[in-house]
Amino acid sequence: MSRTMEDFRERKRRGQRITALTAYDYPTARLLDESGIDIILVGDSLGMVVLGYQDTTQVKLEEMLHHTRAVARGVKRALLVADLSIDTYDTPAAAVETARRLVEAGAEGVKLEGGTTHVAQIEAIVRAGVPLMAHIGMLPQSVRQEGGYKVKGRTPVGAERLLADARAVEKAGAFSVVLEIVAAETARQITASIAIPTIGIGSGEYCDGQILVTRDLIGLFPWFTPKFVSPEVHVAEEIRRAARIFIERTRGSVC
Ligand code: KIV
């Protein structure tokens with residue numbers, strides 16, 4: 001078992017909560033790293049909050065590689081995980097090749113979306129020696145088929161399906177699993193049923209750790225804030241304020 005996998009299981013055993021935030025550029029990565037965050041994720045949320053796409057389905061691997069390289073330059077301490085972008089892990093061989101390219105770009109681990117459906121890909125990546133974070137519940141890369149960002153695991157059948165996903169990714173060798181927008185009681189049951197840490201986003205407090213999109217946390221994407229996020233600061237407002245001051249000062253000055 002790799003050091004990463006053993007470390008994270010051990011933290012769960014000790015009841016130490018795991019903290020994770022996203023970064024897509026050097027300064028944000030460096031600031032988060034210096035702040036003591038455990039995991040920095042180059043998420044494919046990059047597509048929406050940086051590149052201006054409608055969702056993550058348009059993100060290309062080349063874009064993930066470019067931003068992973070930038071983030072890697074800023075990270076000294078935290079575990080750097082990068083997302084496998086859509087359509088780059090349809091087969092185990094493709095998944096290993098994509099993971100290998102992200103590792104070359106500076107990632108220490110990778111994340112993919114899927115549970116029982118992606119066991120072969122997870123096993124192949126882990127066998128290739130790359131720590132794997134799984135992602136179940138609401139899967140943003142499937143948002144178009146799903147018709148929106150909906151809560152998962154609300155019904156007994158939905159909860160059972162998610163439990164099966166969580167057990168499958170654990171058995172396949174994932175070192176942790178993101179639970180995205182999962183009903184809190186289901187997230188609690190999953191957390192109690194597996195030995196690897198659950199990292200929740202919009203899934204209530206009973207997870208082993210929490211992850212957020214940093215731009216939501218700091219109010220730097222003011223056009224859309226998920227219901228479960230309360231921004232700690234409002235950076236977008238500060239940028240607007242600074243730009244207005246600069247514009248007024250420049251226009252008001254004499255040439
Ligand atoms: O892409 C992303 O930022 C993510 C997190 C929200 C978990 O997958």
# chains A, B, ... in the order shown; residues from 1 in each chain; ligands from 1

call {"tool": "residues_around", "arguments": {"residues": "Ala192 of chain A", "least_positions_apart": "6", "cutoff": "10 Å", "atoms": "only C-alpha atoms", "output": "list in words"}}
result
Thr186, Thr198, Tyr206, Cys207 and Asp208 of chain A

call {"tool": "write_last_selection", "arguments": {"atoms": "all heavy atoms", "output": "mmCIF file, in the first residue's frame"}}
result
data_model
loop_
_atom_site.group_PDB
_atom_site.id
_atom_site.type_symbol
_atom_site.label_atom_id
_atom_site.label_comp_id
_atom_site.auth_asym_id
_atom_site.auth_seq_id
_atom_site.Cartn_x
_atom_site.Cartn_y
_atom_site.Cartn_z
ATOM 1 N N THR A 186 -26.930 9.892 4.123
ATOM 2 C CA THR A 186 -26.257 8.881 3.291
ATOM 3 C C THR A 186 -24.743 9.057 3.384
ATOM 4 O O THR A 186 -23.995 8.077 3.470
ATOM 5 C CB THR A 186 -26.749 9.003 1.828
ATOM 6 O OG1 THR A 186 -28.158 8.829 1.832
ATOM 7 C CG2 THR A 186 -26.103 7.977 0.926
ATOM 8 N N THR A 198 -13.823 9.929 3.472
ATOM 9 C CA THR A 198 -14.772 10.590 2.569
ATOM 10 C C THR A 198 -14.491 12.095 2.662
ATOM 11 O O THR A 198 -14.302 12.634 3.757
ATOM 12 C CB THR A 198 -16.223 10.315 2.995
ATOM 13 O OG1 THR A 198 -16.386 10.735 4.361
ATOM 14 C CG2 THR A 198 -16.580 8.847 2.871
ATOM 15 N N TYR A 206 -20.949 15.074 8.202
ATOM 16 C CA TYR A 206 -20.475 13.758 8.677
ATOM 17 C C TYR A 206 -19.524 13.095 7.704
ATOM 18 O O TYR A 206 -19.638 11.911 7.424
ATOM 19 C CB TYR A 206 -21.673 12.838 8.949
ATOM 20 C CG TYR A 206 -22.676 13.431 9.899
ATOM 21 C CD1 TYR A 206 -23.946 13.779 9.454
ATOM 22 C CD2 TYR A 206 -22.352 13.649 11.234
ATOM 23 C CE1 TYR A 206 -24.876 14.338 10.308
ATOM 24 C CE2 TYR A 206 -23.269 14.206 12.096
ATOM 25 C CZ TYR A 206 -24.535 14.553 11.631
ATOM 26 O OH TYR A 206 -25.445 15.099 12.478
ATOM 27 N N CYS A 207 -18.618 13.873 7.131
ATOM 28 C CA CYS A 207 -17.607 13.297 6.247
ATOM 29 C C CYS A 207 -16.270 13.405 6.981
ATOM 30 O O CYS A 207 -16.129 14.164 7.929
ATOM 31 C CB CYS A 207 -17.549 14.068 4.932
ATOM 32 S SG CYS A 207 -19.077 13.948 3.976
ATOM 33 N N ASP A 208 -15.266 12.670 6.476
ATOM 34 C CA ASP A 208 -13.953 12.722 7.126
ATOM 35 C C ASP A 208 -13.187 13.986 6.769
ATOM 36 O O ASP A 208 -12.165 14.284 7.380
ATOM 37 C CB ASP A 208 -13.123 11.494 6.731
ATOM 38 C CG ASP A 208 -13.791 10.202 7.164
ATOM 39 O OD1 ASP A 208 -14.036 10.048 8.374
ATOM 40 O OD2 ASP A 208 -14.092 9.361 6.292
#

call {"tool": "residues_near_ligand", "arguments": {"ligand": "ligand 1", "cutoff": "9 Å", "atoms": "only C-alpha atoms and all ligand atoms", "output": "ChimeraX atom specification"}}
result
/A:20-23,41-47,56,82-83,111-113,135,139-140,178-180,199-201,211-214

call {"tool": "write_last_selection", "arguments": {"atoms": "N, CA, C and O atoms", "output": "compact mmCIF listing (two decimals), in the first residue's frame"}}
result
# COMPACT_ATOMS: atom_id res chain seq x y z
N ALA A 20 -9.34 20.21 1.95
CA ALA A 20 -8.94 20.25 0.54
C ALA A 20 -9.59 21.46 -0.14
O ALA A 20 -10.74 21.80 0.14
N LEU A 21 -8.83 22.12 -0.99
CA LEU A 21 -9.34 23.26 -1.76
C LEU A 21 -8.78 23.16 -3.17
O LEU A 21 -7.75 22.52 -3.40
N THR A 22 -9.44 23.83 -4.10
CA THR A 22 -8.96 23.79 -5.50
C THR A 22 -8.02 24.96 -5.77
O THR A 22 -8.11 26.02 -5.13
N ALA A 23 -7.12 24.75 -6.74
CA ALA A 23 -6.29 25.85 -7.26
C ALA A 23 -6.03 25.56 -8.73
O ALA A 23 -6.01 24.39 -9.14
N LEU A 41 -6.42 20.51 -5.07
CA LEU A 41 -6.97 19.84 -6.26
C LEU A 41 -6.99 20.79 -7.45
O LEU A 41 -7.56 21.88 -7.36
N VAL A 42 -6.35 20.37 -8.54
CA VAL A 42 -6.56 21.08 -9.80
C VAL A 42 -7.81 20.42 -10.39
O VAL A 42 -7.75 19.40 -11.07
N GLY A 43 -8.96 20.98 -10.01
CA GLY A 43 -10.23 20.39 -10.42
C GLY A 43 -10.59 20.83 -11.83
O GLY A 43 -10.15 21.88 -12.30
N ASP A 44 -11.43 20.02 -12.47
CA ASP A 44 -11.87 20.46 -13.80
C ASP A 44 -12.98 21.51 -13.68
O ASP A 44 -13.47 22.01 -14.69
N SER A 45 -13.32 21.90 -12.43
CA SER A 45 -14.15 23.10 -12.22
C SER A 45 -13.44 24.30 -12.84
O SER A 45 -14.05 25.35 -13.07
N LEU A 46 -12.13 24.14 -13.10
CA LEU A 46 -11.36 25.07 -13.93
C LEU A 46 -12.19 25.58 -15.11
O LEU A 46 -12.15 26.78 -15.44
N GLY A 47 -12.91 24.67 -15.73
CA GLY A 47 -13.69 25.01 -16.93
C GLY A 47 -14.64 26.15 -16.68
O GLY A 47 -14.73 27.10 -17.48
N THR A 56 -18.11 21.41 -16.90
CA THR A 56 -16.79 20.78 -17.01
C THR A 56 -16.65 19.89 -18.25
O THR A 56 -15.58 19.35 -18.50
N ALA A 82 -4.83 16.05 -9.36
CA ALA A 82 -5.41 16.69 -10.56
C ALA A 82 -6.52 15.80 -11.13
O ALA A 82 -6.45 14.57 -11.06
N ASP A 83 -7.52 16.45 -11.71
CA ASP A 83 -8.66 15.73 -12.29
C ASP A 83 -8.35 15.15 -13.66
O ASP A 83 -7.74 15.83 -14.50
N LYS A 111 -7.75 12.29 -9.75
CA LYS A 111 -9.14 12.02 -9.37
C LYS A 111 -9.95 11.73 -10.62
O LYS A 111 -9.73 12.38 -11.66
N LEU A 112 -10.85 10.79 -10.51
CA LEU A 112 -11.80 10.55 -11.61
C LEU A 112 -13.20 10.38 -11.06
O LEU A 112 -13.39 10.05 -9.88
N GLU A 113 -14.19 10.62 -11.91
CA GLU A 113 -15.60 10.53 -11.52
C GLU A 113 -16.15 9.15 -11.86
O GLU A 113 -16.04 8.72 -13.02
N HIS A 135 -14.54 9.88 -6.98
CA HIS A 135 -15.52 10.97 -6.88
C HIS A 135 -16.88 10.36 -7.23
O HIS A 135 -17.09 9.92 -8.37
N LEU A 139 -22.04 13.87 -10.31
CA LEU A 139 -20.83 13.84 -11.14
C LEU A 139 -20.92 14.96 -12.18
O LEU A 139 -21.67 14.85 -13.16
N PRO A 140 -20.18 16.04 -11.98
CA PRO A 140 -20.32 17.21 -12.88
C PRO A 140 -20.09 16.88 -14.36
O PRO A 140 -20.69 17.51 -15.22
N VAL A 178 -14.37 11.52 -2.89
CA VAL A 178 -15.17 12.75 -2.80
C VAL A 178 -16.65 12.37 -2.90
O VAL A 178 -17.04 11.58 -3.76
N LEU A 179 -17.46 12.94 -1.99
CA LEU A 179 -18.92 12.76 -2.06
C LEU A 179 -19.51 14.11 -2.42
O LEU A 179 -19.49 15.04 -1.61
N GLU A 180 -20.00 14.24 -3.64
CA GLU A 180 -20.51 15.54 -4.07
C GLU A 180 -22.04 15.59 -4.01
O GLU A 180 -22.72 14.76 -4.64
N ILE A 199 -14.46 12.74 1.50
CA ILE A 199 -14.24 14.20 1.47
C ILE A 199 -15.51 14.79 0.86
O ILE A 199 -15.79 14.58 -0.32
N GLY A 200 -16.25 15.52 1.68
CA GLY A 200 -17.56 15.99 1.24
C GLY A 200 -17.53 17.36 0.59
O GLY A 200 -16.71 18.22 0.92
N ILE A 201 -18.44 17.54 -0.35
CA ILE A 201 -18.71 18.89 -0.89
C ILE A 201 -20.23 18.97 -1.02
O ILE A 201 -20.85 18.21 -1.77
N ILE A 211 -14.10 19.55 0.99
CA ILE A 211 -13.43 20.22 -0.13
C ILE A 211 -14.36 21.30 -0.67
O ILE A 211 -15.59 21.15 -0.63
N LEU A 212 -13.78 22.40 -1.12
CA LEU A 212 -14.56 23.45 -1.78
C LEU A 212 -13.78 23.97 -2.97
O LEU A 212 -12.55 23.86 -3.03
N VAL A 213 -14.51 24.56 -3.90
CA VAL A 213 -13.89 25.31 -4.99
C VAL A 213 -13.46 26.65 -4.37
O VAL A 213 -14.30 27.39 -3.84
N THR A 214 -12.17 26.93 -4.39
CA THR A 214 -11.65 28.10 -3.68
C THR A 214 -12.34 29.39 -4.13
O THR A 214 -12.61 30.27 -3.31

call {"tool": "closest_residue", "arguments": {"among": "A:Val235, A:Ile218, A:Ala105, A:Val126", "to": "Leu65 of chain A", "atoms": "only C-alpha atoms"}}
result
A:Ala105

call {"tool": "residues_around", "arguments": {"residues": "segment 75-81 of chain A", "least_positions_apart": "6", "cutoff": "7 Å", "atoms": "only C-alpha atoms", "output": "list in words"}}
result
Ala29, Arg30, Asp33, Ile37, Asp38, Ile39, Ile40, Leu41, Val42, Ala107, Glu108, Gly109, Val110 and Lys111 of chain A

call {"tool": "closest_residue", "arguments": {"among": "A:Ala120, A:Ala93, A:Ile125, A:Ile196", "to": "Glu6 of chain A", "atoms": "only C-alpha atoms"}}
result
A:Ile196

call {"tool": "atom_distance", "arguments": {"atom1": "atom CA of Gln210 of chain A", "atom2": "atom CA of Gly52 of chain A"}}
result
25.0 Å

call {"tool": "residues_around", "arguments": {"residues": "Val229 of chain A", "least_positions_apart": "3", "cutoff": "9 Å", "atoms": "only C-alpha atoms", "output": "list in words"}}
result
Gly202, Leu212, Asp216, Leu217, Thr225 and Pro226 of chain A

call {"tool": "closest_residue", "arguments": {"among": "A:Ile18, A:Ile136, A:Val49, A:Met5", "to": "Leu220 of chain A", "atoms": "only C-alpha atoms"}}
result
A:Val49

call {"tool": "residues_around", "arguments": {"residues": "segment 158-169 of chain A", "least_positions_apart": "4", "cutoff": "7 Å", "atoms": "only C-alpha atoms", "output": "number ranges by chain"}}
result
A: 115-116, 119, 134, 137, 152-154, 173-174, 186, 190, 194

call {"tool": "write_last_selection", "arguments": {"atoms": "all heavy atoms", "output": "PDB file, in the first residue's frame"}}
result
ATOM      1  N   GLY A 115     -18.094   5.282  -9.844  1.00  0.00           N
ATOM      2  CA  GLY A 115     -17.991   4.285  -8.791  1.00  0.00           C
ATOM      3  C   GLY A 115     -17.852   2.900  -9.377  1.00  0.00           C
ATOM      4  O   GLY A 115     -16.832   2.579  -9.992  1.00  0.00           O
ATOM      5  N   THR A 116     -18.906   2.082  -9.251  1.00  0.00           N
ATOM      6  CA  THR A 116     -18.845   0.694  -9.751  1.00  0.00           C
ATOM      7  C   THR A 116     -18.520   0.662 -11.247  1.00  0.00           C
ATOM      8  O   THR A 116     -17.922  -0.291 -11.725  1.00  0.00           O
ATOM      9  CB  THR A 116     -20.196  -0.028  -9.512  1.00  0.00           C
ATOM     10  OG1 THR A 116     -21.235   0.775 -10.074  1.00  0.00           O
ATOM     11  CG2 THR A 116     -20.459  -0.230  -8.026  1.00  0.00           C
ATOM     12  N   VAL A 119     -14.370   0.765 -11.843  1.00  0.00           N
ATOM     13  CA  VAL A 119     -13.452  -0.053 -11.040  1.00  0.00           C
ATOM     14  C   VAL A 119     -12.197  -0.431 -11.840  1.00  0.00           C
ATOM     15  O   VAL A 119     -11.074  -0.345 -11.338  1.00  0.00           O
ATOM     16  CB  VAL A 119     -14.207  -1.310 -10.519  1.00  0.00           C
ATOM     17  CG1 VAL A 119     -13.237  -2.389 -10.059  1.00  0.00           C
ATOM     18  CG2 VAL A 119     -15.129  -0.902  -9.373  1.00  0.00           C
ATOM     19  N   ALA A 134     -11.282   8.924  -5.645  1.00  0.00           N
ATOM     20  CA  ALA A 134     -12.506   8.674  -6.410  1.00  0.00           C
ATOM     21  C   ALA A 134     -13.490   9.830  -6.181  1.00  0.00           C
ATOM     22  O   ALA A 134     -13.278  10.663  -5.293  1.00  0.00           O
ATOM     23  CB  ALA A 134     -13.115   7.354  -5.999  1.00  0.00           C
ATOM     24  N   GLY A 137     -21.451  10.371  -6.260  1.00  0.00           N
ATOM     25  CA  GLY A 137     -22.549  11.291  -5.941  1.00  0.00           C
ATOM     26  C   GLY A 137     -22.888  12.062  -7.196  1.00  0.00           C
ATOM     27  O   GLY A 137     -22.980  11.491  -8.291  1.00  0.00           O
ATOM     28  N   LYS A 152     -27.902  13.648  -4.447  1.00  0.00           N
ATOM     29  CA  LYS A 152     -27.881  12.194  -4.652  1.00  0.00           C
ATOM     30  C   LYS A 152     -28.042  11.480  -3.310  1.00  0.00           C
ATOM     31  O   LYS A 152     -27.661  12.013  -2.262  1.00  0.00           O
ATOM     32  CB  LYS A 152     -26.540  11.782  -5.260  1.00  0.00           C
ATOM     33  CG  LYS A 152     -26.318  12.346  -6.636  1.00  0.00           C
ATOM     34  CD  LYS A 152     -27.172  11.589  -7.605  1.00  0.00           C
ATOM     35  CE  LYS A 152     -27.189  12.217  -8.965  1.00  0.00           C
ATOM     36  NZ  LYS A 152     -27.931  11.445  -9.925  1.00  0.00           N
ATOM     37  N   GLY A 153     -28.588  10.254  -3.378  1.00  0.00           N
ATOM     38  CA  GLY A 153     -28.684   9.416  -2.180  1.00  0.00           C
ATOM     39  C   GLY A 153     -29.799   9.821  -1.237  1.00  0.00           C
ATOM     40  O   GLY A 153     -29.700   9.626  -0.027  1.00  0.00           O
ATOM     41  N   ARG A 154     -30.852  10.362  -1.808  1.00  0.00           N
ATOM     42  CA  ARG A 154     -31.995  10.778  -0.966  1.00  0.00           C
ATOM     43  C   ARG A 154     -32.930   9.616  -0.668  1.00  0.00           C
ATOM     44  O   ARG A 154     -33.550   9.556   0.385  1.00  0.00           O
ATOM     45  CB  ARG A 154     -32.795  11.842  -1.714  1.00  0.00           C
ATOM     46  CG  ARG A 154     -32.406  13.248  -1.330  1.00  0.00           C
ATOM     47  CD  ARG A 154     -33.392  14.198  -1.955  1.00  0.00           C
ATOM     48  NE  ARG A 154     -33.288  15.508  -1.378  1.00  0.00           N
ATOM     49  CZ  ARG A 154     -33.563  16.620  -2.025  1.00  0.00           C
ATOM     50  NH1 ARG A 154     -33.961  16.568  -3.286  1.00  0.00           N
ATOM     51  NH2 ARG A 154     -33.464  17.775  -1.432  1.00  0.00           N
ATOM     52  N   GLY A 173      -8.907   0.332  -4.677  1.00  0.00           N
ATOM     53  CA  GLY A 173      -7.619   0.900  -4.263  1.00  0.00           C
ATOM     54  C   GLY A 173      -7.574   2.406  -4.120  1.00  0.00           C
ATOM     55  O   GLY A 173      -6.493   2.971  -3.927  1.00  0.00           O
ATOM     56  N   ALA A 174      -8.730   3.100  -4.221  1.00  0.00           N
ATOM     57  CA  ALA A 174      -8.733   4.562  -4.035  1.00  0.00           C
ATOM     58  C   ALA A 174      -8.251   4.897  -2.618  1.00  0.00           C
ATOM     59  O   ALA A 174      -8.532   4.155  -1.672  1.00  0.00           O
ATOM     60  CB  ALA A 174     -10.141   5.114  -4.252  1.00  0.00           C
ATOM     61  N   THR A 186     -26.930   9.892   4.123  1.00  0.00           N
ATOM     62  CA  THR A 186     -26.257   8.881   3.291  1.00  0.00           C
ATOM     63  C   THR A 186     -24.743   9.057   3.384  1.00  0.00           C
ATOM     64  O   THR A 186     -23.995   8.077   3.470  1.00  0.00           O
ATOM     65  CB  THR A 186     -26.749   9.003   1.828  1.00  0.00           C
ATOM     66  OG1 THR A 186     -28.158   8.829   1.832  1.00  0.00           O
ATOM     67  CG2 THR A 186     -26.103   7.977   0.926  1.00  0.00           C
ATOM     68  N   ILE A 190     -22.070   6.227   4.543  1.00  0.00           N
ATOM     69  CA  ILE A 190     -20.913   5.839   3.715  1.00  0.00           C
ATOM     70  C   ILE A 190     -19.640   6.007   4.539  1.00  0.00           C
ATOM     71  O   ILE A 190     -18.781   5.118   4.569  1.00  0.00           O
ATOM     72  CB  ILE A 190     -20.844   6.694   2.420  1.00  0.00           C
ATOM     73  CG1 ILE A 190     -22.035   6.366   1.516  1.00  0.00           C
ATOM     74  CG2 ILE A 190     -19.526   6.477   1.693  1.00  0.00           C
ATOM     75  CD1 ILE A 190     -22.175   7.287   0.312  1.00  0.00           C
ATOM     76  N   ILE A 194     -16.773   2.633   5.280  1.00  0.00           N
ATOM     77  CA  ILE A 194     -15.520   2.358   4.560  1.00  0.00           C
ATOM     78  C   ILE A 194     -14.328   2.854   5.390  1.00  0.00           C
ATOM     79  O   ILE A 194     -14.479   3.717   6.259  1.00  0.00           O
ATOM     80  CB  ILE A 194     -15.511   3.004   3.142  1.00  0.00           C
ATOM     81  CG1 ILE A 194     -15.714   4.512   3.205  1.00  0.00           C
ATOM     82  CG2 ILE A 194     -16.551   2.357   2.247  1.00  0.00           C
ATOM     83  CD1 ILE A 194     -15.636   5.219   1.849  1.00  0.00           C
TER      84      ILE A 194
END

call {"tool": "atom_distance", "arguments": {"atom1": "atom CA of Gly209 of chain A", "atom2": "atom CA of Thr19 of chain A"}}
result
5.6 Å

call {"tool": "closest_residue", "arguments": {"among": "A:Asp55, A:Gly252, A:Phe8, A:Ala243", "to": "Gly148 of chain A", "atoms": "only C-alpha atoms"}}
result
A:Asp55

call {"tool": "closest_residue", "arguments": {"among": "A:Ile247, A:Cys255, A:Ala195, A:Ala242", "to": "Asp7 of chain A", "atoms": "only C-alpha atoms"}}
result
A:Ala195

call {"tool": "select_by_dssp", "arguments": {"residues": "segment 63-240 of chain A", "states": "strand (DSSP E or B)", "output": "mmCIF file with N, CA and C atoms, in the first residue's frame"}}
result
data_model
loop_
_atom_site.group_PDB
_atom_site.id
_atom_site.type_symbol
_atom_site.label_atom_id
_atom_site.label_comp_id
_atom_site.auth_asym_id
_atom_site.auth_seq_id
_atom_site.Cartn_x
_atom_site.Cartn_y
_atom_site.Cartn_z
ATOM 1 N N LEU A 79 -0.649 17.689 -0.666
ATOM 2 C CA LEU A 79 -0.739 16.656 -1.704
ATOM 3 C C LEU A 79 -1.438 17.283 -2.915
ATOM 4 N N LEU A 80 -0.788 17.201 -4.061
ATOM 5 C CA LEU A 80 -1.352 17.814 -5.279
ATOM 6 C C LEU A 80 -2.061 16.745 -6.116
ATOM 7 N N VAL A 81 -3.373 16.926 -6.251
ATOM 8 C CA VAL A 81 -4.201 15.974 -7.008
ATOM 9 C C VAL A 81 -4.778 16.713 -8.218
ATOM 10 N N ALA A 82 -4.831 16.050 -9.365
ATOM 11 C CA ALA A 82 -5.414 16.685 -10.565
ATOM 12 C C ALA A 82 -6.516 15.801 -11.132
ATOM 13 N N ASP A 83 -7.518 16.449 -11.711
ATOM 14 C CA ASP A 83 -8.659 15.726 -12.288
ATOM 15 C C ASP A 83 -8.348 15.154 -13.660
ATOM 16 N N GLY A 109 -1.252 12.764 -7.308
ATOM 17 C CA GLY A 109 -2.379 11.839 -7.343
ATOM 18 C C GLY A 109 -3.360 12.352 -8.373
ATOM 19 N N VAL A 110 -4.343 11.518 -8.732
ATOM 20 C CA VAL A 110 -5.355 11.967 -9.704
ATOM 21 C C VAL A 110 -6.745 11.613 -9.182
ATOM 22 N N LYS A 111 -7.746 12.295 -9.750
ATOM 23 C CA LYS A 111 -9.143 12.022 -9.366
ATOM 24 C C LYS A 111 -9.951 11.733 -10.620
ATOM 25 N N LEU A 112 -10.852 10.793 -10.510
ATOM 26 C CA LEU A 112 -11.798 10.549 -11.611
ATOM 27 C C LEU A 112 -13.202 10.380 -11.060
ATOM 28 N N GLU A 113 -14.191 10.619 -11.909
ATOM 29 C CA GLU A 113 -15.601 10.532 -11.520
ATOM 30 C C GLU A 113 -16.148 9.150 -11.862
ATOM 31 N N GLY A 114 -16.746 8.488 -10.863
ATOM 32 C CA GLY A 114 -17.379 7.197 -11.135
ATOM 33 C C GLY A 114 -17.143 6.225 -10.003
ATOM 34 N N LEU A 132 -5.027 7.372 -6.187
ATOM 35 C CA LEU A 132 -6.286 7.700 -6.864
ATOM 36 C C LEU A 132 -7.355 8.150 -5.879
ATOM 37 N N MET A 133 -7.914 9.321 -6.139
ATOM 38 C CA MET A 133 -9.041 9.829 -5.362
ATOM 39 C C MET A 133 -10.287 9.583 -6.222
ATOM 40 N N ALA A 134 -11.282 8.924 -5.645
ATOM 41 C CA ALA A 134 -12.506 8.674 -6.410
ATOM 42 C C ALA A 134 -13.490 9.830 -6.181
ATOM 43 N N HIS A 135 -14.543 9.880 -6.976
ATOM 44 C CA HIS A 135 -15.523 10.971 -6.881
ATOM 45 C C HIS A 135 -16.885 10.358 -7.232
ATOM 46 N N ILE A 136 -17.794 10.313 -6.237
ATOM 47 C CA ILE A 136 -19.117 9.733 -6.472
ATOM 48 C C ILE A 136 -20.192 10.726 -6.003
ATOM 49 N N GLY A 137 -21.451 10.371 -6.260
ATOM 50 C CA GLY A 137 -22.549 11.291 -5.941
ATOM 51 C C GLY A 137 -22.888 12.062 -7.196
ATOM 52 N N LYS A 152 -27.902 13.648 -4.447
ATOM 53 C CA LYS A 152 -27.881 12.194 -4.652
ATOM 54 C C LYS A 152 -28.042 11.480 -3.310
ATOM 55 N N SER A 176 -9.042 7.839 -1.153
ATOM 56 C CA SER A 176 -10.103 8.662 -0.565
ATOM 57 C C SER A 176 -11.215 8.774 -1.596
ATOM 58 N N VAL A 177 -12.355 9.288 -1.152
ATOM 59 C CA VAL A 177 -13.472 9.430 -2.107
ATOM 60 C C VAL A 177 -14.225 10.733 -1.834
ATOM 61 N N VAL A 178 -14.373 11.521 -2.891
ATOM 62 C CA VAL A 178 -15.171 12.753 -2.797
ATOM 63 C C VAL A 178 -16.648 12.372 -2.897
ATOM 64 N N LEU A 179 -17.460 12.938 -1.988
ATOM 65 C CA LEU A 179 -18.920 12.765 -2.056
ATOM 66 C C LEU A 179 -19.509 14.113 -2.423
ATOM 67 N N GLU A 180 -19.996 14.237 -3.638
ATOM 68 C CA GLU A 180 -20.512 15.544 -4.066
ATOM 69 C C GLU A 180 -22.037 15.590 -4.012
ATOM 70 N N VAL A 182 -24.299 14.846 -1.754
ATOM 71 C CA VAL A 182 -24.934 13.607 -1.289
ATOM 72 C C VAL A 182 -25.743 13.961 -0.038
ATOM 73 N N THR A 198 -13.823 9.929 3.472
ATOM 74 C CA THR A 198 -14.772 10.590 2.569
ATOM 75 C C THR A 198 -14.491 12.095 2.662
ATOM 76 N N ILE A 199 -14.464 12.742 1.496
ATOM 77 C CA ILE A 199 -14.236 14.197 1.468
ATOM 78 C C ILE A 199 -15.511 14.795 0.864
ATOM 79 N N GLY A 200 -16.253 15.519 1.684
ATOM 80 C CA GLY A 200 -17.562 15.987 1.241
ATOM 81 C C GLY A 200 -17.529 17.359 0.591
ATOM 82 N N ILE A 201 -18.440 17.538 -0.348
ATOM 83 C CA ILE A 201 -18.714 18.887 -0.893
ATOM 84 C C ILE A 201 -20.229 18.975 -1.023
ATOM 85 N N GLY A 209 -13.618 14.676 5.746
ATOM 86 C CA GLY A 209 -12.968 15.916 5.347
ATOM 87 C C GLY A 209 -13.914 16.723 4.473
ATOM 88 N N GLN A 210 -13.485 17.898 4.110
ATOM 89 C CA GLN A 210 -14.325 18.770 3.274
ATOM 90 C C GLN A 210 -13.472 19.357 2.156
ATOM 91 N N ILE A 211 -14.097 19.550 0.994
ATOM 92 C CA ILE A 211 -13.429 20.218 -0.128
ATOM 93 C C ILE A 211 -14.361 21.301 -0.667
ATOM 94 N N LEU A 212 -13.778 22.402 -1.119
ATOM 95 C CA LEU A 212 -14.561 23.448 -1.782
ATOM 96 C C LEU A 212 -13.776 23.969 -2.967
#

call {"tool": "decode", "arguments": {"residues": "segment 217-234 of chain A", "atoms": "C-alpha atoms", "output": "tab-separated table (two decimals), in the first residue's frame"}}
result
chain	number	residue	atom	x	y	z
A	217	LEU	CA	-15.03	30.18	-0.74
A	218	ILE	CA	-13.43	33.58	-1.45
A	219	GLY	CA	-16.27	35.05	-3.52
A	220	LEU	CA	-14.26	35.30	-6.73
A	221	PHE	CA	-16.98	33.87	-8.97
A	222	PRO	CA	-19.91	36.09	-7.97
A	223	TRP	CA	-22.21	35.12	-10.86
A	224	PHE	CA	-22.95	31.74	-9.31
A	225	THR	CA	-22.44	30.50	-5.75
A	226	PRO	CA	-23.61	26.96	-4.84
A	227	LYS	CA	-26.30	26.91	-2.12
A	228	PHE	CA	-24.03	25.07	0.32
A	229	VAL	CA	-21.23	27.68	0.23
A	230	SER	CA	-21.02	30.80	2.42
A	231	PRO	CA	-18.08	32.81	1.06
A	232	GLU	CA	-15.64	33.88	3.79
A	233	VAL	CA	-14.59	36.97	1.84
A	234	HIS	CA	-15.80	38.76	-1.29
